[in-house]
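Okay, coords05.cif now, which holds mmCIF, C-alpha atoms:
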data_model
loop_
_atom_site.label_atom_id
_atom_site.label_comp_id
_atom_site.auth_asym_id
_atom_site.auth_seq_id
_atom_site.Cartn_x
_atom_site.Cartn_y
_atom_site.Cartn_z
CA MET A 184 24.28 232.50 125.60
CA ASN A 185 25.25 235.69 127.42
CA THR A 186 26.72 238.31 125.13
CA ILE A 187 27.91 240.72 127.83
CA ARG A 188 31.67 241.16 127.92
CA SER A 189 32.06 244.90 128.38
CA VAL A 190 29.93 247.59 130.00
CA CYS A 191 29.92 251.29 129.21
CA VAL A 192 29.40 253.60 132.18
CA TYR A 193 28.27 257.20 131.73
CA CYS A 194 28.63 259.46 134.75
CA GLY A 195 29.71 262.84 136.02
CA SER A 196 33.29 264.08 135.92
CA SER A 197 32.42 265.84 139.19
CA PRO A 198 31.65 264.06 142.49
CA GLY A 199 28.28 265.69 143.05
CA ARG A 200 27.01 266.87 146.40
CA ASP A 201 26.27 263.47 147.94
CA GLU A 202 29.13 261.13 148.78
CA ALA A 203 26.83 258.23 147.89
CA TYR A 204 27.40 259.00 144.20
CA VAL A 205 31.16 258.48 144.34
CA LYS A 206 30.69 255.41 146.52
CA ALA A 207 28.30 253.99 143.94
CA GLY A 208 30.95 254.55 141.27
CA HIS A 209 33.52 252.58 143.27
CA LEU A 210 31.07 249.77 143.93
CA LEU A 211 30.04 249.47 140.30
CA GLY A 212 33.63 249.49 139.09
CA ARG A 213 34.54 246.76 141.56
CA SER A 214 31.49 244.69 140.64
CA LEU A 215 32.37 244.85 136.94
CA ALA A 216 35.93 243.74 137.64
CA LYS A 217 34.91 240.86 139.89
CA SER A 218 32.50 239.65 137.19
CA GLY A 219 35.23 239.70 134.57
CA LEU A 220 33.62 242.51 132.60
CA ARG A 221 35.65 245.26 130.96
CA LEU A 222 34.76 248.84 131.90
CA ILE A 223 34.33 251.20 128.97
CA TYR A 224 34.06 254.82 130.10
CA GLY A 225 34.84 258.40 129.20
CA GLY A 226 38.44 258.37 130.38
CA GLY A 227 38.07 260.97 133.12
CA THR A 228 40.06 260.41 136.31
CA LYS A 229 38.11 262.83 138.50
CA GLY A 230 34.68 262.78 140.13
CA ILE A 231 32.43 259.77 139.68
CA MET A 232 34.27 258.86 136.47
CA GLY A 233 37.48 258.48 138.42
CA ALA A 234 35.72 256.48 141.13
CA VAL A 235 34.39 253.91 138.66
CA ALA A 236 37.79 253.43 137.04
CA ASP A 237 39.54 253.29 140.41
CA GLY A 238 37.08 250.70 141.72
CA ALA A 239 37.62 248.50 138.68
CA LEU A 240 41.41 248.83 138.62
CA LYS A 241 41.84 248.12 142.34
CA ALA A 242 39.80 244.93 141.88
CA GLY A 243 42.03 243.82 139.02
CA GLY A 244 39.62 244.71 136.25
CA LYS A 245 40.26 245.79 132.69
CA VAL A 246 39.49 249.43 131.90
CA THR A 247 39.22 251.21 128.56
CA GLY A 248 39.10 254.99 128.71
CA ILE A 249 37.93 256.91 125.64
CA ILE A 250 38.48 260.64 125.82
CA PRO A 251 38.66 263.53 123.33
CA ARG A 252 42.06 265.18 123.19
CA PHE A 253 40.69 268.57 124.29
CA LEU A 254 39.28 267.12 127.51
CA ILE A 255 42.41 265.36 128.76
CA ASN A 256 43.59 268.23 130.96
CA ARG A 257 40.08 269.14 132.06
CA GLU A 258 38.73 265.76 133.13
CA ALA A 259 41.90 263.78 133.78
CA THR A 260 45.56 263.79 134.66
CA GLU A 261 48.20 262.11 132.53
CA THR A 262 49.56 260.23 135.54
CA ALA A 263 46.17 258.71 136.32
CA LEU A 264 45.54 257.89 132.67
CA ASP A 265 48.72 255.83 132.60
CA LYS A 266 47.07 253.40 135.01
CA LEU A 267 44.32 252.48 132.54
CA ASP A 268 44.54 249.17 130.75
CA GLU A 269 43.66 250.85 127.46
CA LEU A 270 43.39 254.52 126.47
CA LEU A 271 41.83 255.74 123.24
CA ILE A 272 42.13 259.43 122.39
CA THR A 273 39.60 260.77 119.90
CA ASP A 274 39.48 263.97 117.90
CA ASN A 275 36.02 264.98 119.12
CA MET A 276 32.97 264.05 121.20
CA HIS A 277 31.16 262.51 118.24
CA GLU A 278 33.94 260.00 117.63
CA ARG A 279 34.19 259.28 121.35
CA LYS A 280 30.52 258.32 121.58
CA HIS A 281 30.72 256.03 118.56
CA ARG A 282 33.79 254.25 119.91
CA MET A 283 32.11 253.78 123.28
CA PHE A 284 29.04 252.33 121.61
CA GLU A 285 31.01 249.97 119.40
CA LYS A 286 33.07 248.59 122.28
CA SER A 287 30.20 248.09 124.72
CA ASP A 288 27.63 245.34 125.22
CA ALA A 289 25.57 247.24 127.81
CA PHE A 290 25.21 250.78 129.16
CA VAL A 291 24.86 252.20 132.66
CA ALA A 292 24.12 255.78 133.67
CA LEU A 293 25.32 256.75 137.12
CA PRO A 294 24.48 260.24 138.43
CA GLY A 295 25.82 263.02 136.24
CA GLY A 296 24.95 266.20 134.42
CA ILE A 297 23.81 267.25 130.96
CA GLY A 298 26.57 265.28 129.23
CA THR A 299 25.55 262.07 131.01
CA VAL A 300 21.90 262.62 130.11
CA GLU A 301 22.78 263.34 126.49
CA GLU A 302 24.85 260.16 126.19
CA ILE A 303 22.33 257.76 127.70
CA VAL A 304 19.41 259.36 125.83
CA GLU A 305 21.24 258.90 122.54
CA ILE A 306 21.71 255.21 123.34
CA MET A 307 17.98 254.98 124.13
CA THR A 308 17.19 256.74 120.85
CA TRP A 309 19.24 254.22 118.88
CA ALA A 310 17.41 251.42 120.71
CA GLN A 311 14.06 252.99 119.85
CA LEU A 312 15.09 253.08 116.19
CA GLY A 313 16.06 249.42 116.34
CA HIS A 314 19.80 249.86 115.91
CA HIS A 315 20.70 247.79 118.96
CA ARG A 316 19.24 245.71 121.78
CA LYS A 317 21.96 246.21 124.33
CA PRO A 318 20.80 246.47 127.97
CA ILE A 319 20.42 250.00 129.33
CA VAL A 320 20.52 250.67 133.07
CA PHE A 321 19.91 253.77 135.16
CA ALA A 322 21.83 253.46 138.44
CA ASN A 323 19.16 255.14 140.50
CA VAL A 324 21.33 256.07 143.47
CA LYS A 325 19.15 257.65 146.16
CA GLY A 326 16.44 258.23 143.55
CA PHE A 327 18.66 260.42 141.38
CA TRP A 328 16.99 259.29 138.14
CA ASP A 329 13.38 259.39 139.37
CA PRO A 330 12.67 262.64 137.47
CA MET A 331 14.03 261.05 134.28
CA LEU A 332 11.80 258.02 134.69
CA SER A 333 8.80 260.30 135.25
CA LEU A 334 9.67 262.26 132.09
CA ILE A 335 9.96 259.10 130.00
CA GLU A 336 6.62 257.86 131.30
CA HIS A 337 5.08 261.26 130.61
CA MET A 338 6.37 261.29 127.02
CA ALA A 339 5.00 257.79 126.45
CA GLU A 340 1.61 258.71 127.92
CA GLU A 341 1.44 261.79 125.69
CA GLY A 342 2.09 259.67 122.59
CA PHE A 343 5.65 260.68 121.80
CA ILE A 344 7.35 257.32 122.28
CA HIS A 345 5.73 255.09 119.70
CA THR A 346 8.15 252.20 120.02
CA ALA A 347 8.40 252.14 123.81
CA HIS A 348 8.71 248.34 123.70
CA ARG A 349 12.20 248.83 122.28
CA VAL A 350 13.22 251.22 125.02
CA LYS A 351 13.02 249.52 128.38
CA PRO A 352 15.80 250.88 130.55
CA LEU A 353 16.28 249.08 133.84
CA MET A 354 16.10 251.14 137.04
CA VAL A 355 18.42 249.62 139.64
CA ASN A 356 18.78 251.29 143.02
CA ASP A 357 21.64 249.21 144.43
CA PRO A 358 24.95 249.71 142.57
CA GLU A 359 26.03 246.19 143.52
CA ALA A 360 22.94 244.72 141.85
CA ILE A 361 23.60 246.34 138.47
CA VAL A 362 25.91 243.67 137.04
CA ALA A 363 23.43 240.90 137.87
CA ALA A 364 20.62 242.86 136.20
CA ILE A 365 22.75 243.38 133.09
CA MET A 366 23.69 239.71 132.86
CA VAL A 367 20.05 238.62 133.13
CA ALA A 368 19.01 241.13 130.48
CA GLY A 369 21.89 240.10 128.24
CA SER A 370 21.04 236.42 128.45
CA SER A 371 17.45 237.10 127.37
CA VAL A 372 18.38 238.92 124.16
CA ASP A 373 17.61 236.60 121.27
CA ALA A 374 19.12 238.74 118.51
CA PRO A 375 22.58 240.24 117.88
CA THR A 376 23.22 243.23 120.10
CA GLU A 377 25.82 244.82 117.87
CA GLY A 378 24.93 248.08 116.21
CA VAL A 379 24.29 248.32 112.51
CA GLN A 380 27.56 249.87 111.37
CA ALA A 381 26.12 251.33 108.17
CA VAL A 382 23.50 253.16 110.20
CA ILE A 383 25.92 254.32 112.89
CA ASP A 384 28.25 255.72 110.25
CA LYS A 385 25.47 257.99 109.02
CA MET A 386 24.76 259.46 112.45
#

The structure in this file should be written as structure tokens.
Amino acid sequence: MNTIRSVCVYCGSSPGRDEAYVKAGHLLGRSLAKSGLRLIYGGGTKGIMGAVADGALKAGGKVTGIIPRFLINREATETALDKLDELLITDNMHERKHRMFEKSDAFVALPGGIGTVEEIVEIMTWAQLGHHRKPIVFANVKGFWDPMLSLIEHMAEEGFIHTAHRVKPLMVNDPEAIVAAIMVAGSSVDAPTEGVQAVIDKM
């Protein structure tokens, strides 16, 4: 039985230098909507964040934005936020990340900066520690995440990832193939994918 109902997307609040990044955001958002999956994301309405939400909304999808109060005027506009199906405002980044984790059945990292890397790496860390088995995908648009994959392989080869079998992020080059990859991964999970709340509360 497939347990995927909502997908968290981490990505840049800026568009980046290549228009392919924003296009990938639109495509992924649309794909999620057409598959009946809810988008969970950081609530930004600009850059790639805005593109993902826009793609999902224009395709009739459900979108949950989770954003810290102090970032509302920096990463979004109130008018654009009104278009979201659901908006959750948190007091800080820590609470935002926990809410995103709790509401999501899978995670995707589109191109982004340090914040995007920090978010997806934390999800990988929790997987390594056995706190969840939710699918993790790197949307490798034009090879954006190749250096990350090389770093992960390097860390494993040097003996720093001792439970690598628990951390197997999928590298998907085509944004429109991401949903299919997630659904296949989700259907193969033979244990609950929910996080261990007692453990999450301690983090």

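Considering the residues A:Glu340, A:Leu293, A:Lys286, A:Val350 and counting all atoms listed in the file, Leu312 of chain A has its shortest atom-to-atom contact with A:Val350.
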
Note to self: Could you check the closest approach to His277 of chain A for each of A:Ala289, A:Ile344, A:Ile250, A:Val300 and tell me which residue wins, using all atoms listed in the file?
What the structure shows: A:Ile250

Note to self: Neighbouring residues of Glu305 of chain A were defined as those with any atom within 12 Å, considering only C-alpha atoms; residues of the same chain fewer than 2 positions away were excluded. Please report them as a list in words.
What the structure shows: Tyr193, His277, Lys280, His281, Phe284, Phe290, Ala292, Gly298, Thr299, Val300, Glu301, Glu302, Ile303, Met307, Thr308, Trp309, Ala310, Gln311, Leu312, His314, His315, Ile319, Val350, Ile383 and Met386 of chain A

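Compared by their closest atoms to Asn323 of chain A, and using only C-alpha atoms, the residues A:Ile187, A:Val304, A:Ala339, A:Leu353 rank with A:Leu353 nearest.
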
Check: Selected by the PyMOL selection byres ((chain A and resi 294) around 12) in the shown coordinates: which residues, as a ChimeraX atom specification?
Finding: /A:192-208,230-232,235,291-293,295-300,303,320-329,331,356,358

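For the set A:Lys229, A:Lys217, A:Arg316, A:Arg282, the residue with the smallest atom-to-atom gap to Thr247 of chain A is A:Arg282, counting all atoms listed in the file.
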
Margin query: So that I can see what lies close to Gly243 of chain A, please list as number ranges by chain the residues with an atom at most 10 Å from it, counting all atoms listed in the file and leaving out residues fewer than 2 positions away in the same chain.
Written below: A: 213, 215-217, 219, 237-241, 245-246

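When the distance limit is 10 Å and only C-alpha atoms are what count, the residues near Ser218 of chain A, minus those fewer than 3 positions from it on the same chain, are Arg188, Arg213, Ser214, Leu215, Arg221, Gly244, Val362, Ala363 and Met366 of chain A.
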
Check: What residues come out when you apply the PyMOL selection byres ((chain A and resi 264) around 12) to this file, written as a ChimeraX atom specification?
Finding: /A:225-229,232-233,236-237,240,246-250,255-256,258-263,265-272

With C-alpha atoms retained, export the selected residues as a JSON list (two decimals), keeping the file's coordinate frame.
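Output saved as result01.json:
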[["chain", "number", "residue", "atom", "x", "y", "z"],
["A", 225, "GLY", "CA", 34.84, 258.40, 129.20],
["A", 226, "GLY", "CA", 38.44, 258.37, 130.38],
["A", 227, "GLY", "CA", 38.07, 260.97, 133.12],
["A", 228, "THR", "CA", 40.06, 260.41, 136.31],
["A", 229, "LYS", "CA", 38.11, 262.83, 138.50],
["A", 232, "MET", "CA", 34.27, 258.86, 136.47],
["A", 233, "GLY", "CA", 37.48, 258.48, 138.42],
["A", 236, "ALA", "CA", 37.79, 253.43, 137.04],
["A", 237, "ASP", "CA", 39.54, 253.29, 140.41],
["A", 240, "LEU", "CA", 41.41, 248.83, 138.62],
["A", 246, "VAL", "CA", 39.49, 249.43, 131.90],
["A", 247, "THR", "CA", 39.22, 251.21, 128.56],
["A", 248, "GLY", "CA", 39.10, 254.99, 128.71],
["A", 249, "ILE", "CA", 37.93, 256.91, 125.64],
["A", 250, "ILE", "CA", 38.48, 260.64, 125.82],
["A", 255, "ILE", "CA", 42.41, 265.36, 128.76],
["A", 256, "ASN", "CA", 43.59, 268.23, 130.96],
["A", 258, "GLU", "CA", 38.73, 265.76, 133.13],
["A", 259, "ALA", "CA", 41.90, 263.78, 133.78],
["A", 260, "THR", "CA", 45.56, 263.79, 134.66],
["A", 261, "GLU", "CA", 48.20, 262.11, 132.53],
["A", 262, "THR", "CA", 49.56, 260.23, 135.54],
["A", 263, "ALA", "CA", 46.17, 258.71, 136.32],
["A", 265, "ASP", "CA", 48.72, 255.83, 132.60],
["A", 266, "LYS", "CA", 47.07, 253.40, 135.01],
["A", 267, "LEU", "CA", 44.32, 252.48, 132.54],
["A", 268, "ASP", "CA", 44.54, 249.17, 130.75],
["A", 269, "GLU", "CA", 43.66, 250.85, 127.46],
["A", 270, "LEU", "CA", 43.39, 254.52, 126.47],
["A", 271, "LEU", "CA", 41.83, 255.74, 123.24],
["A", 272, "ILE", "CA", 42.13, 259.43, 122.39]]

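Here atom CA of Ser370 of chain A and atom CA of Glu285 of chain A stand 19.1 Å from one another.
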
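Look at Cys191 of chain A: the protein and nucleic acid residues within 6 Å of it, using all atoms listed in the file and passing over chain neighbours fewer than 5 places away, are A:Ile223, A:Tyr224, A:Ser287, A:Phe290.
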
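This file gives the following result for the PyMOL selection byres ((chain A and resi 369) around 8): Asn185, Thr186, Ile187, Lys317, Pro318, Ile365, Met366, Val367, Ala368, Ser370, Ser371 and Val372 of chain A.
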
Write the residues you've just listed into a file as a compact mmCIF listing (two decimals), in the frame of the given file, and include C-alpha atoms for each of them.
# COMPACT_ATOMS: atom_id res chain seq x y z
CA ASN A 185 25.25 235.69 127.42
CA THR A 186 26.72 238.31 125.13
CA ILE A 187 27.91 240.72 127.83
CA LYS A 317 21.96 246.21 124.33
CA PRO A 318 20.80 246.47 127.97
CA ILE A 365 22.75 243.38 133.09
CA MET A 366 23.69 239.71 132.86
CA VAL A 367 20.05 238.62 133.13
CA ALA A 368 19.01 241.13 130.48
CA SER A 370 21.04 236.42 128.45
CA SER A 371 17.45 237.10 127.37
CA VAL A 372 18.38 238.92 124.16

Output as AutoDock Vina command-line options the centre and edge lengths (Å, one decimal) of the box along x, y and z of the file that holds every listed atom of segment 224-239 of chain A after adding 8 Å on each side.
--center_x 36.2 --center_y 255.7 --center_z 135.5 --size_x 23.6 --size_y 30.3 --size_z 28.5

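Straight-line separation from atom CA of Ile306 of chain A to atom CA of Ala242 of chain A: 27.9 Å.
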